[in-house]
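Okay, upload_17.txt now, which holds compact mmCIF, C-alpha atoms and all ligand atoms:
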# COMPACT_ATOMS: atom_id res chain seq x y z
CA MET C 1 -14.94 -137.46 208.97
CA SER C 2 -13.65 -135.99 212.21
CA LEU C 3 -11.60 -139.14 212.93
CA THR C 4 -9.14 -138.51 210.09
CA GLY C 5 -5.61 -138.48 211.47
CA LYS C 6 -6.74 -139.15 215.04
CA HIS C 7 -4.56 -141.49 217.13
CA ILE C 8 -6.79 -144.03 218.83
CA ILE C 9 -5.80 -146.73 221.30
CA VAL C 10 -8.22 -149.64 221.14
CA GLY C 11 -8.01 -151.63 224.37
CA ILE C 12 -9.40 -155.15 224.23
CA THR C 13 -10.15 -157.30 227.27
CA GLY C 14 -11.12 -160.93 227.65
CA GLY C 15 -14.79 -161.09 226.76
CA ILE C 16 -16.68 -162.93 224.06
CA ALA C 17 -17.57 -159.60 222.41
CA ALA C 18 -13.86 -159.19 221.54
CA TYR C 19 -14.64 -160.68 218.11
CA LYS C 20 -16.64 -157.52 217.32
CA THR C 21 -13.62 -155.36 218.06
CA ALA C 22 -12.00 -156.53 214.82
CA THR C 23 -14.83 -154.71 213.02
CA LEU C 24 -14.34 -151.68 215.28
CA VAL C 25 -10.63 -151.52 214.35
CA ARG C 26 -11.49 -151.93 210.66
CA LEU C 27 -14.09 -149.12 210.78
CA LEU C 28 -11.77 -146.75 212.65
CA VAL C 29 -8.97 -147.33 210.14
CA LYS C 30 -11.46 -146.81 207.29
CA SER C 31 -12.45 -143.48 208.88
CA GLY C 32 -8.84 -142.34 208.63
CA ALA C 33 -7.78 -142.96 212.25
CA GLU C 34 -4.44 -144.47 213.27
CA VAL C 35 -5.15 -147.36 215.60
CA GLN C 36 -2.91 -149.00 218.19
CA VAL C 37 -4.38 -152.14 219.71
CA VAL C 38 -3.52 -152.98 223.33
CA MET C 39 -4.84 -156.34 224.56
CA THR C 40 -4.96 -157.93 227.97
CA PRO C 41 -3.45 -161.45 228.11
CA ASN C 42 -6.98 -162.89 228.49
CA ALA C 43 -8.24 -161.07 225.38
CA LYS C 44 -5.91 -163.25 223.28
CA GLU C 45 -8.01 -166.28 224.27
CA PHE C 46 -10.95 -164.66 222.46
CA ILE C 47 -9.40 -163.06 219.39
CA CYS C 48 -6.15 -163.63 217.60
CA PRO C 49 -3.63 -160.72 217.74
CA VAL C 50 -2.64 -161.36 214.11
CA THR C 51 -6.16 -160.41 212.95
CA LEU C 52 -5.88 -157.12 214.83
CA SER C 53 -2.32 -156.26 213.82
CA THR C 54 -3.28 -156.90 210.19
CA LEU C 55 -6.39 -154.71 210.41
CA SER C 56 -4.63 -151.89 212.29
CA GLY C 57 -1.36 -152.13 210.37
CA LYS C 58 0.59 -152.07 213.67
CA PRO C 59 1.90 -154.82 215.95
CA VAL C 60 -0.48 -155.46 218.84
CA ILE C 61 0.85 -154.57 222.29
CA SER C 62 0.02 -156.88 225.14
CA GLU C 63 3.07 -157.31 227.33
CA PHE C 64 5.33 -154.76 229.03
CA PHE C 65 8.28 -156.18 227.03
CA THR C 66 8.66 -157.89 223.66
CA ALA C 67 9.84 -161.36 224.72
CA ASN C 68 12.56 -161.93 222.13
CA THR C 69 14.09 -158.41 221.95
CA GLY C 70 13.49 -157.19 225.51
CA GLN C 71 12.08 -153.94 224.03
CA TRP C 72 10.04 -152.03 226.64
CA HIS C 73 6.65 -150.72 225.56
CA SER C 74 6.22 -147.30 227.11
CA HIS C 75 2.68 -146.87 228.39
CA VAL C 76 3.59 -143.24 229.10
CA ASP C 77 4.49 -142.54 225.44
CA LEU C 78 1.36 -144.39 224.31
CA GLY C 79 -0.75 -142.35 226.71
CA LEU C 80 0.66 -139.14 225.25
CA TRP C 81 0.35 -140.33 221.63
CA ALA C 82 -3.38 -140.99 221.89
CA ASP C 83 -6.15 -138.54 221.02
CA ALA C 84 -8.62 -141.04 222.48
CA MET C 85 -8.61 -144.45 224.11
CA VAL C 86 -11.54 -146.82 223.70
CA ILE C 87 -11.81 -150.01 225.72
CA ALA C 88 -14.13 -152.43 223.98
CA PRO C 89 -15.17 -154.82 225.29
CA ALA C 90 -14.50 -153.79 228.87
CA THR C 91 -15.05 -156.70 231.23
CA ALA C 92 -16.16 -156.33 234.86
CA SER C 93 -12.65 -157.28 235.92
CA THR C 94 -10.90 -154.62 233.81
CA ILE C 95 -13.47 -151.99 234.81
CA GLY C 96 -12.74 -152.84 238.45
CA LYS C 97 -8.98 -152.56 237.87
CA MET C 98 -9.37 -149.24 236.07
CA ALA C 99 -11.60 -147.86 238.80
CA ASN C 100 -9.16 -148.85 241.52
CA GLY C 101 -5.79 -148.38 239.81
CA ILE C 102 -4.76 -152.04 239.74
CA ALA C 103 -2.14 -151.73 237.02
CA ASP C 104 -1.16 -155.36 236.52
CA ASN C 105 -1.28 -155.37 232.73
CA MET C 106 -0.31 -153.17 229.82
CA LEU C 107 -3.90 -152.08 229.15
CA VAL C 108 -4.56 -150.73 232.64
CA THR C 109 -1.13 -149.04 232.87
CA THR C 110 -1.81 -147.36 229.53
CA TYR C 111 -5.23 -146.28 230.78
CA LEU C 112 -3.69 -144.74 233.91
CA SER C 113 -1.15 -142.86 231.77
CA ALA C 114 -3.64 -141.67 229.15
CA LYS C 115 -4.10 -137.91 228.96
CA ALA C 116 -6.73 -138.21 226.23
CA PRO C 117 -10.47 -138.82 226.69
CA VAL C 118 -11.30 -142.43 227.50
CA PHE C 119 -14.36 -144.31 226.23
CA VAL C 120 -15.43 -147.53 227.90
CA ALA C 121 -17.81 -150.02 226.27
CA PRO C 122 -18.75 -152.58 228.94
CA ALA C 123 -19.78 -156.09 227.93
CA MET C 124 -20.70 -158.82 230.36
CA ASP C 125 -23.50 -161.05 231.52
CA LEU C 126 -26.60 -159.30 232.87
CA ASP C 127 -26.08 -160.32 236.50
CA MET C 128 -22.48 -159.12 236.45
CA MET C 129 -23.62 -155.89 234.86
CA ALA C 130 -26.29 -155.37 237.52
CA HIS C 131 -23.99 -156.23 240.46
CA PRO C 132 -23.46 -153.30 242.88
CA SER C 133 -19.70 -153.71 242.47
CA THR C 134 -19.94 -153.12 238.70
CA THR C 135 -22.36 -150.22 239.19
CA ARG C 136 -19.99 -148.65 241.70
CA ASN C 137 -16.92 -149.12 239.51
CA ILE C 138 -18.67 -147.66 236.46
CA ALA C 139 -19.77 -144.68 238.58
CA LEU C 140 -16.12 -144.24 239.63
CA LEU C 141 -15.00 -144.24 235.98
CA ARG C 142 -17.62 -141.61 235.20
CA SER C 143 -16.38 -139.52 238.13
CA TYR C 144 -12.89 -139.61 236.54
CA GLY C 145 -14.40 -138.06 233.40
CA ASN C 146 -14.43 -141.30 231.37
CA HIS C 147 -17.22 -141.71 228.84
CA ILE C 148 -19.29 -144.86 229.26
CA ILE C 149 -20.76 -146.30 226.08
CA GLU C 150 -23.74 -148.04 227.64
CA PRO C 151 -24.20 -151.70 226.74
CA ALA C 152 -27.30 -152.55 224.76
CA GLU C 153 -30.07 -154.94 225.79
CA GLY C 154 -30.45 -158.18 223.91
CA GLU C 155 -29.48 -161.83 223.85
CA LEU C 156 -26.15 -162.39 225.59
CA ALA C 157 -23.55 -165.11 225.02
CA SER C 158 -25.14 -167.00 227.93
CA HIS C 159 -28.45 -166.94 225.93
CA LEU C 160 -29.94 -164.88 228.74
CA ILE C 161 -31.69 -161.72 227.64
CA GLY C 162 -30.82 -158.41 229.28
CA LYS C 163 -28.40 -155.52 229.47
CA GLY C 164 -24.76 -156.35 228.85
CA ARG C 165 -24.18 -156.60 225.09
CA MET C 166 -21.29 -154.48 223.89
CA GLU C 167 -22.52 -151.59 221.76
CA GLU C 168 -22.21 -152.30 218.03
CA PRO C 169 -18.88 -151.18 216.47
CA GLU C 170 -20.70 -148.78 214.09
CA ASN C 171 -22.25 -146.99 217.08
CA ILE C 172 -18.94 -146.85 218.97
CA VAL C 173 -17.36 -145.17 215.92
CA LYS C 174 -20.29 -142.73 215.88
CA VAL C 175 -19.76 -141.83 219.56
CA LEU C 176 -16.08 -141.09 218.85
CA ASP C 177 -16.88 -139.18 215.68
CA ASP C 178 -19.53 -137.05 217.45
CA PHE C 179 -17.07 -136.36 220.26
CA PHE C 180 -14.42 -135.01 217.91
CA LYS C 181 -17.01 -133.16 215.85
CA ALA C 182 -18.61 -131.44 218.81
CA GLY C 183 -18.19 -127.71 218.64
CA LYS C 184 -15.13 -126.31 220.38
CA PRO C 185 -15.82 -122.57 220.14
CA LEU C 186 -13.48 -121.81 223.04
CA ALA C 187 -10.49 -123.70 221.59
CA GLY C 188 -7.35 -121.62 222.11
CA LYS C 189 -8.95 -119.53 224.88
CA GLN C 190 -7.99 -119.61 228.55
CA VAL C 191 -10.82 -119.44 231.07
CA MET C 192 -10.28 -118.74 234.76
CA VAL C 193 -13.12 -119.76 237.09
CA THR C 194 -13.45 -119.18 240.84
CA ALA C 195 -15.69 -121.52 242.82
CA GLY C 196 -16.76 -122.60 246.28
CA PRO C 197 -16.63 -120.77 249.57
CA THR C 198 -13.61 -119.26 251.29
CA TYR C 199 -12.68 -120.13 254.85
CA GLU C 200 -11.35 -117.35 257.07
CA ARG C 201 -9.47 -118.76 260.02
CA ILE C 202 -10.36 -117.81 263.58
CA ASP C 203 -8.07 -120.27 265.36
CA PRO C 204 -6.55 -123.68 264.40
CA VAL C 205 -9.97 -125.40 264.51
CA ARG C 206 -12.50 -122.71 263.53
CA PHE C 207 -13.29 -120.54 260.57
CA ILE C 208 -15.85 -118.16 259.11
CA GLY C 209 -17.35 -119.68 255.97
CA ASN C 210 -20.57 -120.03 254.03
CA TYR C 211 -22.78 -122.76 252.58
CA SER C 212 -21.38 -122.68 249.01
CA THR C 213 -20.65 -126.20 247.68
CA GLY C 214 -18.92 -125.12 244.46
CA LYS C 215 -21.40 -127.01 242.23
CA MET C 216 -22.17 -124.03 239.98
CA GLY C 217 -18.51 -123.04 239.48
CA TYR C 218 -17.41 -126.63 238.83
CA ALA C 219 -20.20 -127.08 236.27
CA ILE C 220 -18.99 -123.89 234.54
CA ALA C 221 -15.37 -125.09 234.54
CA ASP C 222 -16.42 -128.46 233.08
CA GLU C 223 -18.55 -126.84 230.39
CA ALA C 224 -15.77 -124.41 229.41
CA ALA C 225 -13.37 -127.36 229.06
CA ARG C 226 -15.96 -129.22 227.00
CA LEU C 227 -16.09 -126.23 224.67
CA GLY C 228 -12.34 -126.55 224.14
CA ALA C 229 -10.98 -123.92 226.56
CA LYS C 230 -7.93 -124.34 228.76
CA VAL C 231 -9.49 -124.00 232.20
CA VAL C 232 -7.89 -122.88 235.46
CA LEU C 233 -10.30 -123.42 238.36
CA ILE C 234 -9.40 -121.56 241.55
CA SER C 235 -11.41 -123.31 244.19
CA GLY C 236 -12.14 -122.79 247.86
CA PRO C 237 -12.63 -125.88 250.08
CA VAL C 238 -15.27 -128.15 248.51
CA ALA C 239 -16.05 -131.87 248.44
CA ILE C 240 -16.34 -132.22 244.65
CA LYS C 241 -14.00 -132.63 241.67
CA PRO C 242 -14.40 -131.51 238.07
CA THR C 243 -15.59 -134.25 235.71
CA MET C 244 -13.43 -133.03 232.83
CA PRO C 245 -9.88 -134.26 233.46
CA GLU C 246 -8.51 -131.26 231.51
CA VAL C 247 -9.59 -128.75 234.18
CA GLU C 248 -6.60 -127.56 236.24
CA VAL C 249 -7.65 -127.06 239.86
CA ILE C 250 -5.81 -124.68 242.17
CA GLU C 251 -6.97 -125.20 245.74
CA VAL C 252 -7.10 -122.22 248.07
CA GLU C 253 -8.61 -121.66 251.49
CA SER C 254 -8.99 -117.95 252.24
CA ALA C 255 -10.14 -114.96 250.20
CA LEU C 256 -6.60 -113.61 250.33
CA GLU C 257 -5.19 -116.82 248.80
CA MET C 258 -7.91 -116.74 246.14
CA TYR C 259 -7.08 -113.10 245.43
CA GLU C 260 -3.37 -113.93 244.95
CA GLN C 261 -4.08 -116.83 242.57
CA CYS C 262 -6.57 -114.74 240.57
CA GLN C 263 -4.02 -111.95 240.23
CA ARG C 264 -1.47 -114.54 239.05
CA HIS C 265 -3.69 -116.16 236.40
CA PHE C 266 -5.89 -113.31 235.16
CA GLY C 267 -3.18 -111.89 232.87
CA ASP C 268 -3.15 -115.09 230.78
CA SER C 269 -6.93 -115.46 230.75
CA ASP C 270 -9.27 -114.40 227.98
CA ILE C 271 -12.31 -114.94 230.17
CA ALA C 272 -12.75 -114.90 233.98
CA ILE C 273 -15.91 -116.18 235.65
CA MET C 274 -16.16 -115.31 239.32
CA SER C 275 -18.62 -117.75 240.85
CA ALA C 276 -16.96 -118.14 244.26
CA ALA C 277 -18.82 -117.07 247.37
CA VAL C 278 -15.96 -115.05 248.80
CA ALA C 279 -16.15 -114.09 252.47
CA ASP C 280 -16.31 -110.32 252.67
CA TYR C 281 -14.61 -110.18 256.09
CA ALA C 282 -11.86 -112.11 257.87
CA PRO C 283 -10.77 -112.12 261.52
CA ALA C 284 -8.16 -109.42 262.06
CA GLU C 285 -6.06 -111.83 264.14
CA VAL C 286 -5.82 -115.62 263.90
CA ALA C 287 -5.30 -117.20 267.32
CA ASP C 288 -2.40 -119.64 267.20
CA LYS C 289 -4.01 -121.84 269.90
CA LYS C 290 -7.59 -123.01 270.18
CA ILE C 291 -9.73 -120.34 271.87
CA LYS C 292 -10.88 -121.96 275.13
CA ARG C 293 -14.32 -121.94 276.63
CA GLU C 294 -13.34 -121.43 280.28
CA LYS C 295 -12.44 -117.79 279.95
CA GLU C 296 -13.59 -114.93 282.07
CA GLU C 297 -14.52 -112.79 279.11
CA ILE C 298 -16.41 -113.81 276.01
CA PRO C 299 -13.95 -113.42 273.13
CA GLN C 300 -14.69 -110.75 270.54
CA ILE C 301 -13.69 -111.35 266.93
CA ARG C 302 -12.63 -108.17 265.22
CA LEU C 303 -13.10 -108.35 261.47
CA VAL C 304 -11.23 -106.74 258.62
CA LYS C 305 -12.39 -106.38 255.02
CA ASN C 306 -11.18 -108.89 252.42
CA PRO C 307 -10.19 -107.61 249.00
CA ASP C 308 -12.97 -107.60 246.40
CA ILE C 309 -11.38 -109.98 243.90
CA ALA C 310 -13.79 -109.33 241.03
CA ALA C 311 -13.48 -105.56 241.44
CA SER C 312 -9.68 -105.80 241.55
CA LEU C 313 -9.72 -107.66 238.21
CA GLY C 314 -12.23 -105.16 236.80
CA LYS C 315 -9.62 -102.46 237.47
CA ILE C 316 -6.83 -104.20 235.51
CA LYS C 317 -8.99 -105.72 232.76
CA ARG C 318 -7.53 -105.25 229.25
CA PRO C 319 -9.68 -104.52 226.22
CA GLY C 320 -10.86 -107.87 224.88
CA GLN C 321 -10.81 -109.66 228.26
CA ILE C 322 -14.25 -110.76 229.47
CA LEU C 323 -15.07 -110.58 233.19
CA VAL C 324 -18.24 -112.25 234.48
CA GLY C 325 -19.51 -112.07 238.05
CA PHE C 326 -22.30 -113.56 240.10
CA ALA C 327 -24.82 -111.88 242.36
CA LEU C 328 -26.66 -114.01 244.90
CA GLU C 329 -29.39 -111.77 246.24
CA THR C 330 -32.23 -111.98 248.71
CA ASN C 331 -33.99 -108.72 247.83
CA ASP C 332 -33.91 -105.85 245.28
CA GLU C 333 -32.33 -108.35 242.91
CA GLU C 334 -32.13 -106.33 239.72
CA VAL C 335 -30.96 -103.11 241.38
CA ASN C 336 -28.24 -104.93 243.36
CA ALA C 337 -27.06 -106.98 240.39
CA LEU C 338 -26.82 -103.94 238.10
CA ASP C 339 -25.00 -102.04 240.81
CA LYS C 340 -22.40 -104.85 241.12
CA LEU C 341 -22.04 -105.08 237.33
CA LYS C 342 -21.08 -101.40 237.22
CA ARG C 343 -19.09 -101.18 240.45
CA LYS C 344 -16.88 -104.16 239.57
CA ASN C 345 -16.53 -103.24 235.86
CA LEU C 346 -17.99 -106.61 234.76
CA ASP C 347 -19.11 -107.48 231.24
CA MET C 348 -21.92 -109.68 232.48
CA ILE C 349 -23.45 -110.64 235.82
CA VAL C 350 -25.34 -113.82 236.65
CA MET C 351 -28.07 -113.05 239.16
CA ASN C 352 -29.72 -115.73 241.25
CA SER C 353 -32.19 -115.03 243.99
CA LEU C 354 -32.63 -116.95 247.22
CA ARG C 355 -36.32 -116.11 246.89
CA ASP C 356 -36.54 -118.62 244.02
CA ALA C 357 -36.99 -122.21 245.19
CA GLY C 358 -34.22 -124.40 243.74
CA ALA C 359 -31.71 -121.54 243.33
CA GLY C 360 -28.60 -120.80 245.37
CA PHE C 361 -26.20 -122.85 247.52
CA GLY C 362 -26.11 -126.64 247.65
CA THR C 363 -28.96 -127.33 245.22
CA ASP C 364 -28.46 -129.19 241.93
CA THR C 365 -30.54 -126.56 240.15
CA ASN C 366 -30.42 -122.85 239.58
CA LYS C 367 -32.61 -120.09 238.21
CA ILE C 368 -30.72 -117.19 236.75
CA THR C 369 -31.10 -113.85 235.01
CA LEU C 370 -28.13 -112.61 232.98
CA TYR C 371 -27.51 -108.87 232.77
CA SER C 372 -24.94 -107.65 230.29
CA LYS C 373 -23.07 -104.36 230.18
CA ASP C 374 -25.11 -103.18 227.21
CA GLY C 375 -28.29 -103.33 229.29
CA GLN C 376 -29.72 -106.62 228.04
CA ALA C 377 -31.45 -108.94 230.52
CA ARG C 378 -32.08 -112.64 229.85
CA LYS C 379 -34.27 -114.62 232.23
CA TYR C 380 -33.97 -118.42 232.34
CA PRO C 381 -36.32 -120.95 233.94
CA LEU C 382 -35.25 -123.35 236.71
CA LYS C 383 -32.67 -125.75 235.23
CA SER C 384 -29.93 -128.12 236.40
CA LYS C 385 -26.63 -126.42 237.24
CA LYS C 386 -25.08 -128.22 234.24
CA GLU C 387 -27.69 -126.71 231.89
CA THR C 388 -27.31 -123.34 233.61
CA ALA C 389 -23.53 -123.51 233.02
CA SER C 390 -24.23 -124.21 229.37
CA ASP C 391 -26.57 -121.15 229.14
CA ILE C 392 -23.96 -118.92 230.76
CA LEU C 393 -21.23 -120.15 228.41
CA ASP C 394 -23.48 -119.81 225.35
CA ASN C 395 -23.73 -116.11 226.17
CA ILE C 396 -19.98 -115.84 226.76
CA VAL C 397 -19.25 -117.61 223.44
CA GLY C 398 -21.49 -114.97 221.79
CA MET C 399 -19.48 -112.20 223.48
CA VAL C 400 -16.18 -113.78 222.34
CA ALA C 401 -17.48 -113.98 218.77
CA ASP C 402 -18.46 -110.27 218.89
CA LYS C 403 -15.00 -109.28 220.13
CA ASP C 404 -12.94 -111.50 217.75
N1 LIG H 501 -16.58 -111.29 244.83
C1 LIG H 501 -15.21 -111.29 244.83
N2 LIG H 501 -14.53 -110.94 245.97
C2 LIG H 501 -15.18 -110.61 247.10
C3 LIG H 501 -16.59 -110.62 247.10
C4 LIG H 501 -17.26 -110.96 245.95
O1 LIG H 501 -14.61 -111.61 243.81
N3 LIG H 501 -14.50 -110.31 248.17
C5 LIG H 501 -17.27 -111.60 243.59
C6 LIG H 501 -18.13 -112.84 243.65
O2 LIG H 501 -17.41 -113.99 243.23
C7 LIG H 501 -19.24 -112.50 242.67
C8 LIG H 501 -19.39 -111.00 242.79
O3 LIG H 501 -18.15 -110.54 243.32
O4 LIG H 501 -18.88 -112.76 241.34
C9 LIG H 501 -20.52 -110.55 243.70
O5 LIG H 501 -20.44 -111.22 244.93
P1 LIG H 501 -21.47 -110.91 246.09
O6 LIG H 501 -21.05 -111.64 247.33
O7 LIG H 501 -22.85 -111.11 245.58
O8 LIG H 501 -21.26 -109.36 246.23
P2 LIG H 501 -20.51 -108.46 247.24
O9 LIG H 501 -19.69 -107.50 246.44
O10 LIG H 501 -19.80 -109.24 248.27
O11 LIG H 501 -21.71 -107.65 247.84
P3 LIG H 501 -22.75 -108.05 249.01
O12 LIG H 501 -22.12 -109.13 249.82
O13 LIG H 501 -22.91 -106.77 249.73
O14 LIG H 501 -24.02 -108.46 248.31

Will you turn the file into structure tokens for me?
Amino acid sequence: MSLTGKHIIVGITGGIAAYKTATLVRLLVKSGAEVQVVMTPNAKEFICPVTLSTLSGKPVISEFFTANTGQWHSHVDLGLWADAMVIAPATASTIGKMANGIADNMLVTTYLSAKAPVFVAPAMDLDMMAHPSTTRNIALLRSYGNHIIEPAEGELASHLIGKGRMEEPENIVKVLDDFFKAGKPLAGKQVMVTAGPTYERIDPVRFIGNYSTGKMGYAIADEAARLGAKVVLISGPVAIKPTMPEVEVIEVESALEMYEQCQRHFGDSDIAIMSAAVADYAPAEVADKKIKREKEEIPQIRLVKNPDIAASLGKIKRPGQILVGFALETNDEEVNALDKLKRKNLDMIVMNSLRDAGAGFGTDTNKITLYSKDGQARKYPLKSKKETASDILDNIVGMVADKD
């Protein structure tokens, strides 16, 4: 089983389903995991700590200090020790605290310190579950990259029937097992991704930019992290965040800043995926004061060429490094994409055409054709950007396997 030797924090909160968590601890230990139970003070009203310390073979942690010795329990050390944290049952109150960083107990402080993936198994009455506040807090947890183990439908402690029953311990173990089992073909590889637009300053309040939202590049960064890679995401100004907490984001504004960061990180990268919509030109001079309207003459903005980041990396690429570019085209798609593939010394280019509905900037979908250096073309139907990222990475994983 993939759980053998894994360090798992089981967080228990004050809900009636806490009795089932004894079985969860037992099953995890049976699967070979080392389990540390952390309980909220309320959880102790529902299940006795002695049961859990006996099943896990470790004293249960609930307070910041052990009362009689004054020993401090380090949530930071616990957070680093864990390979996964699972909070089951997670009450509406704890979910709200986790979503909003209210660290008033050992469980929430440990959660905020945890570097490992976090799994949350909500359990509550159906009206609490359906309340907009709960929905919002669960959405926030998802946006932090936490995995929600959806509650099942059935008879609840209140005898009402609906959604809110904590998932069965056997199924929670399966979710964890599947997570650790999932293929990590990019483990040990570093992937650099560029994403979003660049902004080229005109004056303190204006810039030249484009409509890129970064969705495609962020989906690629998330997928690469999911496949086990260490990911450095060099991002222009966007309104989104990666879902995978492991992705390291380096924020830049201009093409020149993006160029510098790419030059800095490319050497350590095995794979670079250039999905940013880099501005080709920047104003030659940046006005230090706002350009005013009441001027005699209409101002002229003189432009200078930005560096071609992908091409600059193509020039210094070592054997074994994989460089992937994008081509967003409006016409002569194949000719333009193949020209860029060659000109920038890329190993693969992802072509999307603005002539295809659902492809390009701002959409949640994309329709791509992949051209590789060896002349192969692969056409994909319209898919979500997440699925598109997975298709792109499947091809890259194949290229890595050929090179290794
Ligand atoms: N690119 C880059 N640096 C630039 C311009 C583009 O790294 N200054 C990268 C993009 O991230 C993409 C690829 O090069 O991976 C192609 O970008 P695109 O804008 O389609 O091509 P350009 O070379 O700018 O050509 P054109 O604008 O004429 O189509």

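A straight line drawn from CA of Ala139 in chain C to CA of Ile240 in chain C is 14.3 Å long.
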
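CA of Asp394 in chain C is positioned 27.8 Å from CA of Thr198 in chain C.
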
**Request:** Please identify the residues whose atoms come within 7 Å of ligand LIG 501 (chain H), using only C-alpha atoms and all ligand atoms, and report them as a PyMOL selection string.
**Result:** chain C and resi 194+255+274-280+306-311+324-329+340

Output C-alpha atoms for every residue in the selection just made, as a compact mmCIF listing (two decimals), in the frame of the given file.
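out.txt, freshly written:
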# COMPACT_ATOMS: atom_id res chain seq x y z
CA THR C 194 -13.45 -119.18 240.84
CA ALA C 255 -10.14 -114.96 250.20
CA MET C 274 -16.16 -115.31 239.32
CA SER C 275 -18.62 -117.75 240.85
CA ALA C 276 -16.96 -118.14 244.26
CA ALA C 277 -18.82 -117.07 247.37
CA VAL C 278 -15.96 -115.05 248.80
CA ALA C 279 -16.15 -114.09 252.47
CA ASP C 280 -16.31 -110.32 252.67
CA ASN C 306 -11.18 -108.89 252.42
CA PRO C 307 -10.19 -107.61 249.00
CA ASP C 308 -12.97 -107.60 246.40
CA ILE C 309 -11.38 -109.98 243.90
CA ALA C 310 -13.79 -109.33 241.03
CA ALA C 311 -13.48 -105.56 241.44
CA VAL C 324 -18.24 -112.25 234.48
CA GLY C 325 -19.51 -112.07 238.05
CA PHE C 326 -22.30 -113.56 240.10
CA ALA C 327 -24.82 -111.88 242.36
CA LEU C 328 -26.66 -114.01 244.90
CA GLU C 329 -29.39 -111.77 246.24
CA LYS C 340 -22.40 -104.85 241.12

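Of the residues listed (C:Asn146, C:Ile9, C:Gly32, C:Ser62), C:Ile9 shows the shortest atom-to-atom separation from Ala84 in chain C; distances use all atoms listed in the file.
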
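CA of Met39 in chain C is positioned 20.5 Å from CA of Glu170 in chain C.
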
**Request:** Considering only C-alpha atoms, return as a ChimeraX atom specification whatever protein or nucleic-acid residues lie within 12 Å of Ile250 in chain C, sequence-local ones (same chain, fewer than 2 positions apart) excluded.
**Result:** /C:192-196,231-238,241-242,247-248,252-253,257-258,260-262,264-265

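For the residues C:Ile208, C:Ala357, C:Met85, C:Ala272, ranking by smallest atom-to-atom distance to Pro117 in chain C using all atoms listed in the file places C:Met85 first.
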
**Request:** Please tell me which residues are no farther than 12 Å from (-3.2, -121.5, 267.8) in the file, counting only C-alpha atoms, and write them as number ranges by chain.
**Result:** C: 201-206, 285-292

**Item:** Non-local contacts of Gly57 in chain C (10 Å; only C-alpha atoms; under 6 positions in same chain excluded) as a list in words
**Value:** Val29, Glu34, Val35, Gln36, Val37 and Thr51 of chain C

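For the residues C:Leu140, C:Leu354, C:Ile273, C:Ala123, ranking by smallest atom-to-atom distance to Pro89 in chain C using all atoms listed in the file places C:Ala123 first.
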
Do you know which residues are at most 6 Å from range 20-28 of chain C counting all atoms listed in the file, after dropping those on the same chain fewer than 3 positions away, and could you put them as an mmCIF file with C-alpha atoms, in the frame of the given file?
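Writing done, so here's result_7.cif:
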data_model
loop_
_atom_site.group_PDB
_atom_site.id
_atom_site.type_symbol
_atom_site.label_atom_id
_atom_site.label_comp_id
_atom_site.auth_asym_id
_atom_site.auth_seq_id
_atom_site.Cartn_x
_atom_site.Cartn_y
_atom_site.Cartn_z
ATOM 1 C CA ALA C 17 -17.570 -159.600 222.410
ATOM 2 C CA SER C 31 -12.450 -143.480 208.880
ATOM 3 C CA ALA C 33 -7.780 -142.960 212.250
ATOM 4 C CA LEU C 55 -6.390 -154.710 210.410
ATOM 5 C CA PRO C 169 -18.880 -151.180 216.470
#

**Prompt:** Counting only C-alpha atoms, what is within 7 Å of range 364-373 of chain C, bar same-chain residues fewer than 5 positions away, as a list in words?
**Reply:** Asp347, Met348, Ile349, Val350, Met351, Asn352, Gly358, Ala359, Arg378, Lys379, Tyr380, Pro381, Leu382, Lys383, Ser384, Lys385 and Thr388 of chain C

**Message:** Set the distance at 12 Å and use all atoms listed in the file: which residues neighbour Lys163 in chain C once local chain neighbours fewer than 6 positions away are removed? I'd like the list as a VMD selection string.
**Reply:** chain C and resid 122 to 131 150 to 157

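Here the question is which of C:Leu107, C:Ala221, C:Ile102, C:Ile8 gets nearest to Val38 in chain C using only C-alpha atoms, and that residue is C:Leu107.
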